[in-house]
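The structure appears right after this line, and notes come after that.
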Amino acid sequence: MAAPNSSSVVLDSVVQFLKDIPPFQFLPSDELTKLAGSMSLEYFAKGTVILSAGGKASDSLFVIKKGGVKLTLKTDDGMEVVLDMRSEGELFGLLSTMGGDITRLDVTAWEDALCYSVPGDRIRDIIARHPDVAGYLVRTSITRYIDRSLNEIRERTRLLADGERLLYSLGVGDVAKTAALTCYGEASIRAAAQVMAANKATAIFVKDETGKALGIITESDLAEKVVANAISSDSPATFIMSTPVISVDASERLFHALIEMLNHNVHHLLVTRDGMPAGVITYHDLLLLQGKSPLALLRHVGQQSTLDDLVAAQGRTYEIIPLLIREGAKASHVTRIVAELNDRVLTKILELAEEEIGKAPVPYCWIVLGSEGRREQTFKTDQDNGLIYMDVTEEEPPRVAAYFEKLVNYVSAALERCGYPPCPGGYMATNPRWRQPLSQWKAYFQEWITDAQQITSEDALIFFDMRAVAGDSGLCDEIWRRNRELLKEGNLFKSILAFITINHKPPLGFFHQFVVNRGGEHKNEFDLKLHGTGPIANAARLWCLDAGITETNTIDRLTALQQAGYGDAKLLTDLTESMEFLTALRLEHQLQLAQSDRRISNYVNPEKLSQLQRTLLKEAFEAIARAQDLVKSTFETWVWTQLR
């Protein structure tokens, strides 16, 4: 502990710091100097519990100089609820200091923290003699907890069924009690099947000589690959195993296991410890824990047999978003759940359409675009889609075209009934331009890449996020394979794409202040999507097209770039964290708008955010600025002088 009054230089620095910190900025200079002389500087390492709920009252008020703390409360069932996060310039310990009896909240350093401590008698004296200081502290520190009573906060987790809460509180290792059955790759299919039968198991993992999992064999593999295709049971297990093995570490939360199952459409998840097989968790295991949950809702959507029932089932999708947010799910997990639910709705609509108008005359693939293609939808999304179908002979086009026109009109109308409005820009399969045979789609991409112009590149941007949802995904895969080859020589296209990519700068001014709209409907606000998540998505897309990576989700793209050793690893990490934070901020903001029956938008007023949120927002915008500088230095060419 260091006393600031041991040096006039140190004392002056404390005074200068306090001059910018409310409520101390309301104090006269002599009072401020006297206060600074009574303060001490304390260091708390990350994870240190500074104040403990139920413990002795604090005898000091703390002012954070560097780092940050979190204020938490344990619920009746032992779960930790984060009430607030505080960072540089913010205070904590006031309730404890003023109450004088016990500490009511846990305060923990969420990163290394330097804090000035103000003796309790000094702060009580100042409050008694300075009404403006007292008024500020009451408004900002006490009422923020009166408005959110502790009983209400304890009740928050009861929004979910008991099983649903377990999804967020339990670790995978707590549930995966079944050992992972394994066999070596050289073992025969017969031997693997015998082990499964003896253990009444539905899957076995194939491992290499080091013990690491190579693949998985399930009951369906035995039926579909061995029995149906008359494969000899003496063949090695590696011959029918599915790869890669989708795994999750035992330390992860069950929600992470759920996300992996949804993302990869698997029913068995290998649980590992230190990279080695330790257990297995199944879809059934998670269903046993579920009440009102993503898995239950997905299953419910799939069970509907009429459009009216599907409309009602889909309406429940947005009930789950607030629950996921309130329970602390990562923003990227929430958007993936939303995308998965939307995919299931679309797939079911296509099933209903084919029941009504008949099976398609040729194979087709329904694709989704933009944020839907990236699995980054938030509360509301419009229809961004297209349709690819197999090329046909010269005699068939009228019949085939007529069928798909009828199909897409049915689907679009059904989607609208389910709450997905038409795309204002016309990027929909109902637009004949985006409902074409494979050869025409190839021609589109070839023109975009090899005969690049700014206007066509802007048109093309949304299609480089395309993702197959239903039908023959091989049609979409074939386009991506061809695009990878075309992009190797597509430097002009990538340069134009780079120019478009950095059009929207992060709203930070020269002096590190937020730049907001000066008038209009969104005065004093800026668009978090246009200037935040959008630029990150644009940069990640461009880099992946350059690297030949076909992921569409932004965080998946950033992860794949890191794994490929592409670009600045530190910047990619910063952008990943920024994307998570900005998406979380968008979701929280949109949830507040929805709950107050206001129109959903991405506009926020930075003055209405907490100090911590503003700090993290600036860090995110700085990372975006660095990314755009890198894009410019890498892809800028002579053509930029010809663009607007």
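Ligands are numbered from 1 in the order shown, chains are lettered A, B, ... in the order of the structure tokens, and residues start at 1 in each chain.
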Within 10 Å of Gln304 of chain A using only C-alpha atoms, minus same-chain residues under 3 positions, as a PyMOL selection string: chain A and resi 299-301+307-313+345+348-349+352
Identify, with DSSP run on backbone atoms, the residues in segment 317-522 of chain A assigned to strand (DSSP E), and express the list as a ChimeraX atom specification. /A:364-368,385-389,435-437,467-471
Please dump the current selection as a PDB file, in the first residue's frame; keep N, CA, C and O atoms.
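Output file part28.pdb follows:
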```
ATOM      1  N   TYR A 364     -32.354 -29.399 -56.352  1.00  0.00           N
ATOM      2  CA  TYR A 364     -32.146 -27.966 -56.148  1.00  0.00           C
ATOM      3  C   TYR A 364     -31.539 -27.735 -54.775  1.00  0.00           C
ATOM      4  O   TYR A 364     -31.562 -28.605 -53.902  1.00  0.00           O
ATOM      5  N   CYS A 365     -31.019 -26.524 -54.582  1.00  0.00           N
ATOM      6  CA  CYS A 365     -30.433 -26.135 -53.290  1.00  0.00           C
ATOM      7  C   CYS A 365     -30.977 -24.760 -52.918  1.00  0.00           C
ATOM      8  O   CYS A 365     -30.885 -23.815 -53.711  1.00  0.00           O
ATOM      9  N   TRP A 366     -31.546 -24.668 -51.737  1.00  0.00           N
ATOM     10  CA  TRP A 366     -32.012 -23.376 -51.235  1.00  0.00           C
ATOM     11  C   TRP A 366     -30.873 -22.742 -50.451  1.00  0.00           C
ATOM     12  O   TRP A 366     -30.347 -23.354 -49.523  1.00  0.00           O
ATOM     13  N   ILE A 367     -30.478 -21.539 -50.836  1.00  0.00           N
ATOM     14  CA  ILE A 367     -29.370 -20.862 -50.163  1.00  0.00           C
ATOM     15  C   ILE A 367     -29.881 -19.631 -49.423  1.00  0.00           C
ATOM     16  O   ILE A 367     -30.871 -19.018 -49.813  1.00  0.00           O
ATOM     17  N   VAL A 368     -29.187 -19.284 -48.326  1.00  0.00           N
ATOM     18  CA  VAL A 368     -29.474 -18.048 -47.600  1.00  0.00           C
ATOM     19  C   VAL A 368     -28.244 -17.160 -47.674  1.00  0.00           C
ATOM     20  O   VAL A 368     -27.110 -17.636 -47.823  1.00  0.00           O
ATOM     21  N   ASN A 385     -32.359 -14.725 -49.750  1.00  0.00           N
ATOM     22  CA  ASN A 385     -32.180 -16.109 -50.174  1.00  0.00           C
ATOM     23  C   ASN A 385     -32.116 -16.228 -51.683  1.00  0.00           C
ATOM     24  O   ASN A 385     -32.308 -15.253 -52.417  1.00  0.00           O
ATOM     25  N   GLY A 386     -31.833 -17.418 -52.140  1.00  0.00           N
ATOM     26  CA  GLY A 386     -31.787 -17.713 -53.564  1.00  0.00           C
ATOM     27  C   GLY A 386     -31.986 -19.197 -53.778  1.00  0.00           C
ATOM     28  O   GLY A 386     -32.053 -19.977 -52.813  1.00  0.00           O
ATOM     29  N   LEU A 387     -32.073 -19.587 -55.037  1.00  0.00           N
ATOM     30  CA  LEU A 387     -32.288 -20.995 -55.345  1.00  0.00           C
ATOM     31  C   LEU A 387     -31.416 -21.400 -56.531  1.00  0.00           C
ATOM     32  O   LEU A 387     -31.382 -20.715 -57.555  1.00  0.00           O
ATOM     33  N   ILE A 388     -30.681 -22.491 -56.351  1.00  0.00           N
ATOM     34  CA  ILE A 388     -29.846 -23.071 -57.405  1.00  0.00           C
ATOM     35  C   ILE A 388     -30.471 -24.412 -57.787  1.00  0.00           C
ATOM     36  O   ILE A 388     -30.801 -25.209 -56.898  1.00  0.00           O
ATOM     37  N   TYR A 389     -30.651 -24.663 -59.080  1.00  0.00           N
ATOM     38  CA  TYR A 389     -31.153 -25.989 -59.463  1.00  0.00           C
ATOM     39  C   TYR A 389     -30.298 -26.577 -60.584  1.00  0.00           C
ATOM     40  O   TYR A 389     -29.558 -25.861 -61.274  1.00  0.00           O
ATOM     41  N   ARG A 435     -32.938 -17.035 -59.033  1.00  0.00           N
ATOM     42  CA  ARG A 435     -33.525 -18.382 -59.098  1.00  0.00           C
ATOM     43  C   ARG A 435     -33.105 -18.955 -60.446  1.00  0.00           C
ATOM     44  O   ARG A 435     -33.810 -18.837 -61.445  1.00  0.00           O
ATOM     45  N   GLN A 436     -31.923 -19.590 -60.470  1.00  0.00           N
ATOM     46  CA  GLN A 436     -31.305 -19.947 -61.739  1.00  0.00           C
ATOM     47  C   GLN A 436     -30.656 -21.335 -61.669  1.00  0.00           C
ATOM     48  O   GLN A 436     -30.358 -21.841 -60.573  1.00  0.00           O
ATOM     49  N   PRO A 437     -30.418 -21.941 -62.847  1.00  0.00           N
ATOM     50  CA  PRO A 437     -29.681 -23.212 -62.872  1.00  0.00           C
ATOM     51  C   PRO A 437     -28.221 -22.995 -62.481  1.00  0.00           C
ATOM     52  O   PRO A 437     -27.709 -21.864 -62.492  1.00  0.00           O
ATOM     53  N   ARG A 467     -24.967 -19.677 -47.967  1.00  0.00           N
ATOM     54  CA  ARG A 467     -24.878 -20.939 -47.241  1.00  0.00           C
ATOM     55  C   ARG A 467     -26.061 -21.813 -47.627  1.00  0.00           C
ATOM     56  O   ARG A 467     -27.199 -21.340 -47.698  1.00  0.00           O
ATOM     57  N   ALA A 468     -25.812 -23.092 -47.872  1.00  0.00           N
ATOM     58  CA  ALA A 468     -26.888 -24.026 -48.209  1.00  0.00           C
ATOM     59  C   ALA A 468     -27.675 -24.382 -46.955  1.00  0.00           C
ATOM     60  O   ALA A 468     -27.097 -24.663 -45.904  1.00  0.00           O
ATOM     61  N   VAL A 469     -29.004 -24.371 -47.065  1.00  0.00           N
ATOM     62  CA  VAL A 469     -29.866 -24.724 -45.939  1.00  0.00           C
ATOM     63  C   VAL A 469     -30.651 -26.000 -46.216  1.00  0.00           C
ATOM     64  O   VAL A 469     -30.799 -26.847 -45.342  1.00  0.00           O
ATOM     65  N   ALA A 470     -31.163 -26.129 -47.434  1.00  0.00           N
ATOM     66  CA  ALA A 470     -32.002 -27.291 -47.732  1.00  0.00           C
ATOM     67  C   ALA A 470     -31.762 -27.744 -49.164  1.00  0.00           C
ATOM     68  O   ALA A 470     -31.273 -26.994 -49.999  1.00  0.00           O
ATOM     69  N   GLY A 471     -32.124 -29.002 -49.436  1.00  0.00           N
ATOM     70  CA  GLY A 471     -31.945 -29.542 -50.773  1.00  0.00           C
ATOM     71  C   GLY A 471     -30.561 -30.134 -50.963  1.00  0.00           C
ATOM     72  O   GLY A 471     -29.916 -30.593 -50.011  1.00  0.00           O
TER      73      GLY A 471
END
```
I'd like the contact shell of Leu497 of chain A - 9 Å cut-off, only C-alpha atoms, skipping same-chain residues fewer than 2 positions apart - returned as an MDAnalysis selection string. chainID A and resid 454 457:458 461 492:495 499:502 538 542 635
Output file for the residues above (C-alpha atoms, as an mmCIF file, in the first residue's frame):
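Final output, result_2.cif:
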```
data_model
loop_
_atom_site.group_PDB
_atom_site.id
_atom_site.type_symbol
_atom_site.label_atom_id
_atom_site.label_comp_id
_atom_site.auth_asym_id
_atom_site.auth_seq_id
_atom_site.Cartn_x
_atom_site.Cartn_y
_atom_site.Cartn_z
ATOM 1 C CA GLN A 454 -17.631 -1.479 -58.284
ATOM 2 C CA SER A 457 -19.014 -6.096 -56.695
ATOM 3 C CA GLU A 458 -21.419 -4.336 -54.331
ATOM 4 C CA LEU A 461 -21.100 -8.891 -51.688
ATOM 5 C CA LEU A 492 -8.734 -6.710 -59.151
ATOM 6 C CA PHE A 493 -11.991 -8.025 -57.699
ATOM 7 C CA LYS A 494 -10.433 -8.345 -54.241
ATOM 8 C CA SER A 495 -9.054 -4.804 -54.506
ATOM 9 C CA PHE A 499 -12.406 -0.541 -51.192
ATOM 10 C CA ILE A 500 -16.039 -1.339 -50.416
ATOM 11 C CA THR A 501 -15.042 -3.154 -47.213
ATOM 12 C CA ILE A 502 -13.578 -0.049 -45.552
ATOM 13 C CA ASN A 538 -16.524 -7.348 -44.234
ATOM 14 C CA LEU A 542 -12.331 -10.430 -47.706
ATOM 15 C CA PHE A 635 -5.294 -4.546 -51.203
#
```
Could you make a table, as CSV, of the residues of segment 514-594 of chain A that have an atom within 6 Å of an atom of segment 603-611 of chain A, each with its nearest atom pair and distance in Å to one decimal, counting only C-alpha atoms, in chain and number order?
```
residue,atom,partner,partner_atom,distance
A:Asn524,CA,A:Asn605,CA,5.9
A:Glu525,CA,A:Asn605,CA,4.3
A:Phe526,CA,A:Tyr603,CA,5.2
A:Asp527,CA,A:Tyr603,CA,4.4
```
Pull N, CA, C and O atoms from the residues just selected and write them as a compact mmCIF listing (two decimals), in the first residue's frame.
```txt
# COMPACT_ATOMS: atom_id res chain seq x y z
N ASN A 524 -27.49 12.03 -31.77
CA ASN A 524 -26.62 11.60 -30.66
C ASN A 524 -26.45 10.08 -30.59
O ASN A 524 -26.09 9.53 -29.55
N GLU A 525 -26.72 9.40 -31.70
CA GLU A 525 -26.57 7.95 -31.76
C GLU A 525 -25.70 7.56 -32.95
O GLU A 525 -25.43 8.36 -33.84
N PHE A 526 -25.24 6.30 -32.95
CA PHE A 526 -24.61 5.73 -34.14
C PHE A 526 -25.08 4.30 -34.30
O PHE A 526 -25.62 3.70 -33.37
N ASP A 527 -24.87 3.74 -35.50
CA ASP A 527 -25.36 2.42 -35.86
C ASP A 527 -24.30 1.36 -35.54
O ASP A 527 -23.23 1.33 -36.15
```
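Using only C-alpha atoms for every distance, the candidate list A:Ala569, A:Leu582, A:Ile126, A:Val515 yields A:Leu582 as the residue closest to Ala537 of chain A.
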Long-range neighbours of Ala257 of chain A as a PyMOL selection string, 12 Å cut-off, only C-alpha atoms, 5 positions minimum in chain: chain A and resi 167-168+170-173+175-176+246-252+262-272+280-283+285-286+295+333
As a ChimeraX atom specification, please: the residues near segment 543-546 of chain A (cut-off 9 Å, only C-alpha atoms, same-chain neighbours under 2 positions excluded). /A:464,483-484,487-488,490-491,494,538-541,548-552,557-558,560-561,566-567,631
Just to be explicit: take each residue in the selection above, keep C-alpha atoms, and write the result as a PDB file, in the first residue's frame.
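File out.pdb, as written:
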```pdb
ATOM      1  CA  PHE A 464     -20.176 -14.383 -50.811  1.00  0.00           C
ATOM      2  CA  ASN A 483     -14.892 -19.678 -56.797  1.00  0.00           C
ATOM      3  CA  ARG A 484     -11.743 -20.665 -54.902  1.00  0.00           C
ATOM      4  CA  LEU A 487     -10.264 -15.983 -56.753  1.00  0.00           C
ATOM      5  CA  LYS A 488      -6.632 -17.068 -57.078  1.00  0.00           C
ATOM      6  CA  GLY A 490      -9.077 -12.286 -58.883  1.00  0.00           C
ATOM      7  CA  ASN A 491      -6.790  -9.563 -57.544  1.00  0.00           C
ATOM      8  CA  LYS A 494     -10.433  -8.345 -54.241  1.00  0.00           C
ATOM      9  CA  ASN A 538     -16.524  -7.348 -44.234  1.00  0.00           C
ATOM     10  CA  ALA A 539     -12.844  -7.660 -43.324  1.00  0.00           C
ATOM     11  CA  ALA A 540     -13.178 -11.322 -42.316  1.00  0.00           C
ATOM     12  CA  ARG A 541     -14.987 -12.117 -45.574  1.00  0.00           C
ATOM     13  CA  GLY A 548      -9.437 -19.747 -49.968  1.00  0.00           C
ATOM     14  CA  ILE A 549     -11.465 -20.326 -46.790  1.00  0.00           C
ATOM     15  CA  THR A 550     -15.173 -21.006 -47.319  1.00  0.00           C
ATOM     16  CA  GLU A 551     -16.533 -20.515 -43.791  1.00  0.00           C
ATOM     17  CA  THR A 552     -19.355 -17.981 -43.683  1.00  0.00           C
ATOM     18  CA  ARG A 557     -13.817 -17.098 -40.407  1.00  0.00           C
ATOM     19  CA  LEU A 558     -11.536 -15.319 -37.931  1.00  0.00           C
ATOM     20  CA  ALA A 560     -10.009 -20.343 -39.535  1.00  0.00           C
ATOM     21  CA  LEU A 561      -7.704 -17.475 -40.528  1.00  0.00           C
ATOM     22  CA  TYR A 566      -3.126 -15.785 -42.200  1.00  0.00           C
ATOM     23  CA  GLY A 567      -2.481 -12.184 -41.173  1.00  0.00           C
ATOM     24  CA  VAL A 631      -6.993  -4.044 -45.610  1.00  0.00           C
TER      25      VAL A 631
END
```
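Minimum atom-to-atom distances from A:Phe17, A:Tyr116, A:Phe44, A:Phe404 to Ile64 of chain A were compared using only C-alpha atoms, and the lowest value belongs to A:Tyr116.
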